[in-house]
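First the structure, in the form of structure tokens, and then the observations on it.
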Amino acid sequence: MKIKKTYSIWIILSVTGIILGHIFRSPPFFILPVATLALMVVSTRVMPPKRLSVSIDRESDERKREIYVGDEIEMKVKIENNLRRSLILEVQDILPPMVEVIEGSNHKVMKFDKNEEKVLKYTLKCPVTGNIELGPLRIRYVDPLNFFSKERNYGDKVILRILPRAQEMQGVDINPSYTKHWLGDIKSRTIGVGSDFFSLREYHPGDEIRDINWKATARYFDPFTNEYEGEKSGDVILVVDGYKKSMVGTTRHNTLRVSIDAAASLASSILSARNRLGLIVSGEYVNWVYPGTGKNHYHKILANLTQFEKGGSWGLEGVKNLLEDFFPRKSLIIFISPLTIIGFTETIIDLSRKEYDVMVISPDPIKIEETLTEEKDELAEMICDIERKNIIERLWNAGTVVVDWDPNEPLEPALEEVLRYKEKR
Amino acid sequence: MLLGVIAGMISGVEYSSFFPLIFSLAIVIGFLKEITQLIDAGVSLGILSFIFLNRNLLPTEEFVDGVINLLLIVAILFSFVSAWFFAKYILAVQNIEENMRGGVREGDKPSYEFPARNLAVFEISSNLLVAAMLTIGGSLIGIYVSTEPFLAWRTETIMMIVFSVSLFFVIYVMMNILQMKED
């Protein structure tokens, strides 16, 4: 329990009253300590209870624990006053600063009658991905005379996972150059299992009846079977640069956030083309997911994109070793990095010289910086731009496909343009 | 401000009677600028200066005059106290509402619920009223029992000392009760 300043001031006033009363031998000064005593006696009526007996129940939507970035979620916290007296309580559900309360309030002063139950209801939205902690619920009793206060936290912290929302990229086909034997969407230009007609051949025993081309059979009086163009798939590995050193921007808008969004969009597009997708996020630790397919795998990828810790200062060497030792060879590796750490370029070039198909998607940190500040240092900006262009040029020369992406624009057109250029080359 | 003017008028026409006025001005400025320290200082010094100006007001030969004087002093004292409590209460409510995260209010339902607001205003008013009654009663007993027609000068001094000691004892006991750790 805390004694508030008002109470202390009263005590000082009453002591001053007694001293001055004695000095001046003046009765009116003694009214002050009498008034103080009276207020103290009266204030015992509104003193905080020895134990704040309140029960808390977080309910409904929150149990989902996962929402997509920008989605709204309604939070409900039931609070019950278990005491046999009315209370005025200041109730605050503690939220991290990036969370926006868009309806209702997470901080209310509420009156509770004896054994009354009330609901603190509010809707929140989080504009950035990641794991956010909600709670605990802070309950503060303040007596109306502002003499005492008592504060206590109730309930545990709850983790809410904000998943990145994937942009649709229907016009983009990210196909690995090396395909594997399992079925996918990549045309192999060879006969195999697929849906597109490739050629006709004579019927062989064991061919499926549904593959018989009845028109050709009728024309030549011999059974003919359709052959289809084989559709295969490959392995794609997304490598997201989560190093703190390479991050440019604010907590809400930075290269890492846009990289995560881009990774989510690419993951959706790659998995919908039935490729196997793996993920490496290099931050304080290296998070990795072995290549796989399907909806559950997509969810696993999204979860790993949100729950890593940014940090780390040991370069991309660890990622390179992980790729070489644990991930399938001849995969398409997509690096998503602002390329602000110069050492990364060498590692990327080194990988592209080996059995990997390497693509770099680089959100331009200068464009992010431009949106955040009005002051421009043109010379510094020019030097950064030249350095960046130089790195991109080196990567292109080493056989890496580089998408120089303005994060203020959608990724799809930039990617489409580069893929078209690559095909022409 | 009005309180300062009334306090000054009661205290007579002296230069020093402007002090309550000046200190009540400090309360107004503190309230408008949301500086609680200024309000605290204004109230404390306003009360002390007002009592200092009226230090010779009690007791009088006439019992009725003495009671009227006492009522005046207690009324002004509790007017200062009421101004103090309500100013701090309003600032606290404002502070809570400004602290609301997101800054969006839910239509006409502010974060400080109306039932809570009403109960708080009722509690402040009723507590102050009861405290003022107790003060009047206590002062009457204290002052008129200790005056010369009833008690000798020596007894009066002893009573004042006993009163002071008991006050300090009550403060000490209350502080101890309040700082007791919760189980």
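Starting from 1 in every chain, residues are counted up; chains themselves are A, B, ... following the order of the structure tokens, and ligands are numbered from 1 as listed.
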Discussion item. If you run DSSP on the backbone here, which positions in segment 318-364 of chain A get helix (DSSP H, G or I)? Please write them as a list in words.
Written reply: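 Filtering segment 318-364 of chain A down to helix (DSSP H, G or I) leaves Gly318, Val319, Lys320, Asn321, Leu322, Leu323, Glu324, Asp325, Phe326, Ile342, Gly343, Phe344, Thr345, Glu346, Thr347, Ile348, Ile349, Asp350, Leu351, Ser352 and Arg353 of chain A.
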Pull N, CA and C atoms from the residues just selected and write them as a compact mmCIF listing (two decimals), in the first residue's frame.
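Final file, result.txt:
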# COMPACT_ATOMS: atom_id res chain seq x y z
N GLY A 318 27.57 -19.07 -40.81
CA GLY A 318 26.79 -20.11 -40.15
C GLY A 318 25.66 -20.59 -41.04
N VAL A 319 25.02 -19.63 -41.70
CA VAL A 319 23.90 -19.95 -42.61
C VAL A 319 24.43 -20.78 -43.79
N LYS A 320 25.60 -20.37 -44.28
CA LYS A 320 26.21 -21.08 -45.42
C LYS A 320 26.50 -22.53 -45.04
N ASN A 321 27.07 -22.73 -43.85
CA ASN A 321 27.38 -24.09 -43.40
C ASN A 321 26.10 -24.92 -43.24
N LEU A 322 25.07 -24.26 -42.70
CA LEU A 322 23.79 -24.95 -42.51
C LEU A 322 23.21 -25.40 -43.85
N LEU A 323 23.29 -24.48 -44.83
CA LEU A 323 22.78 -24.79 -46.17
C LEU A 323 23.53 -25.97 -46.78
N GLU A 324 24.84 -25.94 -46.62
CA GLU A 324 25.66 -26.98 -47.26
C GLU A 324 25.50 -28.33 -46.56
N ASP A 325 25.31 -28.30 -45.25
CA ASP A 325 25.29 -29.56 -44.50
C ASP A 325 23.90 -30.19 -44.39
N PHE A 326 22.88 -29.39 -44.30
CA PHE A 326 21.56 -29.96 -43.99
C PHE A 326 20.53 -29.81 -45.10
N ILE A 342 28.53 -5.64 -45.74
CA ILE A 342 29.31 -5.92 -46.94
C ILE A 342 29.77 -7.39 -47.01
N GLY A 343 30.08 -7.99 -45.88
CA GLY A 343 30.56 -9.38 -45.86
C GLY A 343 29.57 -10.37 -46.47
N PHE A 344 28.28 -10.01 -46.44
CA PHE A 344 27.27 -10.93 -46.96
C PHE A 344 27.45 -11.20 -48.46
N THR A 345 27.89 -10.16 -49.17
CA THR A 345 28.03 -10.26 -50.62
C THR A 345 28.95 -11.42 -50.99
N GLU A 346 30.07 -11.51 -50.26
CA GLU A 346 31.05 -12.57 -50.55
C GLU A 346 30.42 -13.94 -50.36
N THR A 347 29.67 -14.09 -49.27
CA THR A 347 29.05 -15.40 -48.99
C THR A 347 28.04 -15.75 -50.08
N ILE A 348 27.28 -14.76 -50.49
CA ILE A 348 26.26 -15.01 -51.53
C ILE A 348 26.95 -15.42 -52.83
N ILE A 349 28.04 -14.69 -53.18
CA ILE A 349 28.78 -15.01 -54.42
C ILE A 349 29.37 -16.42 -54.31
N ASP A 350 29.89 -16.75 -53.14
CA ASP A 350 30.47 -18.07 -52.90
C ASP A 350 29.42 -19.18 -53.11
N LEU A 351 28.23 -18.94 -52.60
CA LEU A 351 27.16 -19.95 -52.75
C LEU A 351 26.72 -20.08 -54.21
N SER A 352 26.65 -18.94 -54.89
CA SER A 352 26.19 -19.00 -56.28
C SER A 352 27.20 -19.70 -57.19
N ARG A 353 28.47 -19.76 -56.73
CA ARG A 353 29.48 -20.47 -57.51
C ARG A 353 29.39 -21.98 -57.29
Discussion item. Can you pull out every residue from segment 223-341 of chain A that DSSP, working from the backbone, puts in strand (DSSP E), and format the result as a ChimeraX atom specification?
Written reply: /A:224-233,235-241,276-282,286-292,332-336
Discussion item. Contacts from chain A to chain B, 7 Å maximum, only C-alpha atoms: show me the residue list as a ChimeraX atom specification.
Written reply: /A:1,13,18,26-29,31,34-35,38-39,42,50-51,88,100-105,107-111,144-145
Worksheet item: Contacts of Leu134 of chain A at 6 Å or less, counting only C-alpha atoms, minus same-chain residues fewer than 6 places along, as a list in words?
Response: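 Residues near the query, excluding close chain neighbours: Leu95, Lys157 and Val158 of chain A.
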Let me see the file: selected residues, C-alpha atoms, as an mmCIF file, in the first residue's frame.
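What follows is the written file part00.cif:
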data_model
loop_
_atom_site.group_PDB
_atom_site.id
_atom_site.type_symbol
_atom_site.label_atom_id
_atom_site.label_comp_id
_atom_site.auth_asym_id
_atom_site.auth_seq_id
_atom_site.Cartn_x
_atom_site.Cartn_y
_atom_site.Cartn_z
ATOM 1 C CA LEU A 95 -0.013 -3.686 -23.747
ATOM 2 C CA LYS A 157 1.166 -12.582 -19.599
ATOM 3 C CA VAL A 158 -0.428 -13.931 -22.749
#
Worksheet item: What gap, in Å, lies between atom CA of Ala75 of chain B and atom CA of Gly42 of chain B?
Response: 17.4 Å
Discussion item. Rounded to one decimal, what separation in Å do you get between atom CA of Asn95 of chain B and atom CA of Leu32 of chain B?
Written reply: 13.2 Å
Fill in: Who sits within 9 Å of Arg210 of chain A, only C-alpha atoms, same chain under 3 positions skipped, as a count of residues only
3
Fill in: d(atom CA of Ile334 of chain A, atom CA of Asn131 of chain A) in Å
24.6 Å
Worksheet item: Any idea what's packed within 7 Å of Pro407 of chain A, counting only C-alpha atoms, ignoring anything in its chain fewer than 2 positions away? Could you give it as a list in words?
Response: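 These residues fall inside the cut-off: Val258, Pro363, Asp364, Ile368, Trp405, Glu409 and Pro410 of chain A.
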Written selection (N, CA and C atoms) as a CSV table (one decimal), in the first residue's frame:
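File out38.csv, as written:
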chain,number,residue,atom,x,y,z
A,258,VAL,N,9.7,-5.4,-43.7
A,258,VAL,CA,9.4,-5.6,-45.1
A,258,VAL,C,9.9,-6.9,-45.6
A,363,PRO,N,15.3,-5.3,-50.2
A,363,PRO,CA,14.5,-4.0,-49.9
A,363,PRO,C,15.5,-2.9,-49.8
A,364,ASP,N,15.3,-1.8,-50.5
A,364,ASP,CA,16.2,-0.7,-50.6
A,364,ASP,C,16.1,0.1,-49.2
A,368,ILE,N,13.5,3.4,-47.6
A,368,ILE,CA,12.8,3.3,-46.2
A,368,ILE,C,13.2,4.6,-45.5
A,405,TRP,N,14.5,-3.8,-54.7
A,405,TRP,CA,13.1,-3.6,-54.5
A,405,TRP,C,12.9,-2.3,-53.6
A,409,GLU,N,6.7,0.1,-52.7
A,409,GLU,CA,5.9,-0.4,-53.8
A,409,GLU,C,5.7,-1.9,-53.6
A,410,PRO,N,4.7,-2.5,-54.3
A,410,PRO,CA,4.5,-4.0,-54.1
A,410,PRO,C,5.7,-4.7,-54.7
Item to complete: Write out as JSON, numbers by chain the residues lying within 8 Å of Lys4 of chain A, counting only C-alpha atoms and excluding same-chain residues fewer than 6 positions away.
Response: {"A": [146, 147, 148, 149]}
For the residues in the current selection, export C-alpha atoms as a CSV table (one decimal), in the first residue's frame.
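Dumped everything to part-v6.csv:
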chain,number,residue,atom,x,y,z
A,146,ASN,CA,-6.4,10.5,-2.7
A,147,PHE,CA,-4.6,9.5,0.6
A,148,PHE,CA,-3.7,5.9,-0.2
A,149,SER,CA,-3.3,3.6,-3.2
